[in-house]
$ cat run_26.pdb   # PDB, C-alpha atoms and all ligand atoms
ATOM      1  CA  MET Z 111       5.559  -3.760  -7.612  1.00  0.00           C
ATOM      2  CA  PRO Z 112       3.902  -0.826  -9.431  1.00  0.00           C
ATOM      3  CA  LYS Z 113       6.045   2.235  -9.908  1.00  0.00           C
ATOM      4  CA  THR Z 114       3.658   4.544  -8.060  1.00  0.00           C
ATOM      5  CA  LYS Z 115       3.918   2.410  -4.978  1.00  0.00           C
ATOM      6  CA  ILE Z 116       7.704   2.559  -5.045  1.00  0.00           C
ATOM      7  CA  GLU Z 117       7.526   6.337  -5.300  1.00  0.00           C
ATOM      8  CA  ALA Z 118       5.146   6.503  -2.373  1.00  0.00           C
ATOM      9  CA  VAL Z 119       7.509   4.416  -0.282  1.00  0.00           C
ATOM     10  CA  THR Z 120      10.595   6.419  -1.183  1.00  0.00           C
ATOM     11  CA  ASN Z 121       8.685   9.633  -0.555  1.00  0.00           C
ATOM     12  CA  ARG Z 122       7.741   8.415   2.859  1.00  0.00           C
ATOM     13  CA  LEU Z 123      11.324   7.429   3.580  1.00  0.00           C
ATOM     14  CA  TYR Z 124      12.812  10.704   2.411  1.00  0.00           C
ATOM     15  CA  ASN Z 125      10.167  12.809   4.087  1.00  0.00           C
ATOM     16  CA  ARG Z 126      11.357  11.476   7.398  1.00  0.00           C
ATOM     17  CA  VAL Z 127      15.018  12.171   6.804  1.00  0.00           C
ATOM     18  CA  PHE Z 128      16.391  15.540   7.789  1.00  0.00           C
ATOM     19  CA  ILE Z 129      19.793  17.094   7.340  1.00  0.00           C
ATOM     20  CA  CYS Z 130      21.453  19.321   9.897  1.00  0.00           C
ATOM     21  CA  MET Z 131      22.261  22.661   8.273  1.00  0.00           C
ATOM     22  CA  LYS Z 132      25.334  23.135  10.438  1.00  0.00           C
ATOM     23  CA  CYS Z 133      27.137  19.813  10.270  1.00  0.00           C
ATOM     24  CA  ASN Z 134      25.143  17.978   7.568  1.00  0.00           C
ATOM     25  CA  ALA Z 135      24.350  15.106   9.856  1.00  0.00           C
ATOM     26  CA  LYS Z 136      21.513  12.894   8.761  1.00  0.00           C
ATOM     27  CA  LEU Z 137      18.627  12.429  11.151  1.00  0.00           C
ATOM     28  CA  ARG Z 138      15.665  10.141  10.753  1.00  0.00           C
ATOM     29  CA  THR Z 139      12.661  11.513  12.574  1.00  0.00           C
ATOM     30  CA  ASP Z 140       9.083  12.599  12.142  1.00  0.00           C
ATOM     31  CA  GLN Z 141       8.269  15.826  10.342  1.00  0.00           C
ATOM     32  CA  ARG Z 142       5.788  16.614  13.099  1.00  0.00           C
ATOM     33  CA  LYS Z 143       8.515  16.525  15.730  1.00  0.00           C
ATOM     34  CA  VAL Z 144      10.738  18.786  13.653  1.00  0.00           C
ATOM     35  CA  SER Z 145       8.005  21.392  13.203  1.00  0.00           C
ATOM     36  CA  GLN Z 146       7.354  21.264  16.922  1.00  0.00           C
ATOM     37  CA  GLY Z 147      11.028  21.958  17.564  1.00  0.00           C
ATOM     38  CA  LYS Z 148      11.495  18.754  19.481  1.00  0.00           C
ATOM     39  CA  VAL Z 149      14.333  17.450  17.387  1.00  0.00           C
ATOM     40  CA  LYS Z 150      17.937  18.452  17.780  1.00  0.00           C
ATOM     41  CA  CYS Z 151      20.998  17.384  15.869  1.00  0.00           C
ATOM     42  CA  ARG Z 152      22.775  14.534  17.602  1.00  0.00           C
ATOM     43  CA  LYS Z 153      26.207  15.990  16.918  1.00  0.00           C
ATOM     44  CA  CYS Z 154      25.943  19.757  17.309  1.00  0.00           C
ATOM     45  CA  PHE Z 155      22.513  20.054  19.011  1.00  0.00           C
ATOM     46  CA  SER Z 156      21.365  22.533  16.386  1.00  0.00           C
ATOM     47  CA  LYS Z 157      17.684  22.817  15.562  1.00  0.00           C
ATOM     48  CA  ASP Z 158      18.404  24.008  12.047  1.00  0.00           C
ATOM     49  CA  LEU Z 159      17.208  21.023  10.098  1.00  0.00           C
ATOM     50  CA  ARG Z 160      16.052  20.805   6.540  1.00  0.00           C
ATOM     51  CA  PRO Z 161      14.160  17.972   4.903  1.00  0.00           C
ATOM     52  CA  LYS Z 162      16.272  15.768   2.701  1.00  0.00           C
ATOM     53  CA  SER Z 163      13.487  15.570   0.115  1.00  0.00           C
ATOM     54  CA  LYS Z 164      14.323  19.096  -1.049  1.00  0.00           C
ATOM     55  CA  GLU Z 165      17.689  17.840  -2.227  1.00  0.00           C
ATOM     56  CA  ARG Z 166      16.111  15.590  -4.810  1.00  0.00           C
ATOM     57  CA  LYS Z 167      14.651  18.443  -6.851  1.00  0.00           C
ATOM     58  CA  ILE Z 168      17.867  18.935  -8.791  1.00  0.00           C
TER
HETATM   59 ZN    ZN J 201      24.451  19.185  13.410  1.00  0.00          ZN
END

$ encode --input "run_26.pdb" --output "structure tokens"
Amino acid sequence: MPKTKIEAVTNRLYNRVFICMKCNAKLRTDQRKVSQGKVKCRKCFSKDLRPKSKERKI
């Protein structure tokens, strides 16, 4: 499998993973739903979610 394809797949996976800013729970959902405010944390019902992809910039 070419490397670029692997990156595209991992990007797609990570772009759909969000982390709750309050309890750090991991949520897999669509970015569209998050921006529409339709997604809440399963544990603490917070809407403060951040994309997991930002974590990988370190
Ligand atoms: Zn939470």

$ resolve_selection --input "run_26.pdb" --expression "the PyMOL selection byres (((chain Z and resi 160) around 7) and not hetatm)" --output "PyMOL selection string"
chain Z and resi 128-131+158-159+161-162

$ residues_near_ligand --input "run_26.pdb" --ligand "ligand ZN 201 (chain J)" --cutoff "7 Å" --atoms "all atoms listed in the file" --output "PDB file with C-alpha atoms, in the coordinates of the input"
ATOM      1  CA  CYS Z 130      21.453  19.321   9.897  1.00  0.00           C
ATOM      2  CA  MET Z 131      22.261  22.661   8.273  1.00  0.00           C
ATOM      3  CA  LYS Z 132      25.334  23.135  10.438  1.00  0.00           C
ATOM      4  CA  CYS Z 133      27.137  19.813  10.270  1.00  0.00           C
ATOM      5  CA  ASN Z 134      25.143  17.978   7.568  1.00  0.00           C
ATOM      6  CA  ALA Z 135      24.350  15.106   9.856  1.00  0.00           C
ATOM      7  CA  CYS Z 151      20.998  17.384  15.869  1.00  0.00           C
ATOM      8  CA  ARG Z 152      22.775  14.534  17.602  1.00  0.00           C
ATOM      9  CA  LYS Z 153      26.207  15.990  16.918  1.00  0.00           C
ATOM     10  CA  CYS Z 154      25.943  19.757  17.309  1.00  0.00           C
ATOM     11  CA  PHE Z 155      22.513  20.054  19.011  1.00  0.00           C
ATOM     12  CA  SER Z 156      21.365  22.533  16.386  1.00  0.00           C
TER      13      SER Z 156
END

$ atom_distance --input "run_26.pdb" --atom1 "CA of Ile116 in chain Z" --atom2 "CA of Val149 in chain Z"
27.7 Å

$ atom_distance --input "run_26.pdb" --atom1 "CA of Thr120 in chain Z" --atom2 "CA of Thr139 in chain Z"
14.8 Å

$ atom_distance --input "run_26.pdb" --atom1 "CA of Leu137 in chain Z" --atom2 "CA of Asn121 in chain Z"
15.6 Å

$ axis_aligned_box --input "run_26.pdb" --around "range 121-138 of chain Z" --padding-each-side "4 Å" --output "JSON"
{"center_x": 17.4, "center_y": 15.3, "center_z": 5.3, "size_x": 27.4, "size_y": 23.7, "size_z": 19.7}

$ closest_residue --input "run_26.pdb" --among "Z:Ala118, Z:Ser163, Z:Val127, Z:Lys157" --to "Gln141 in chain Z" --atoms "all atoms listed in the file"
Z:Val127
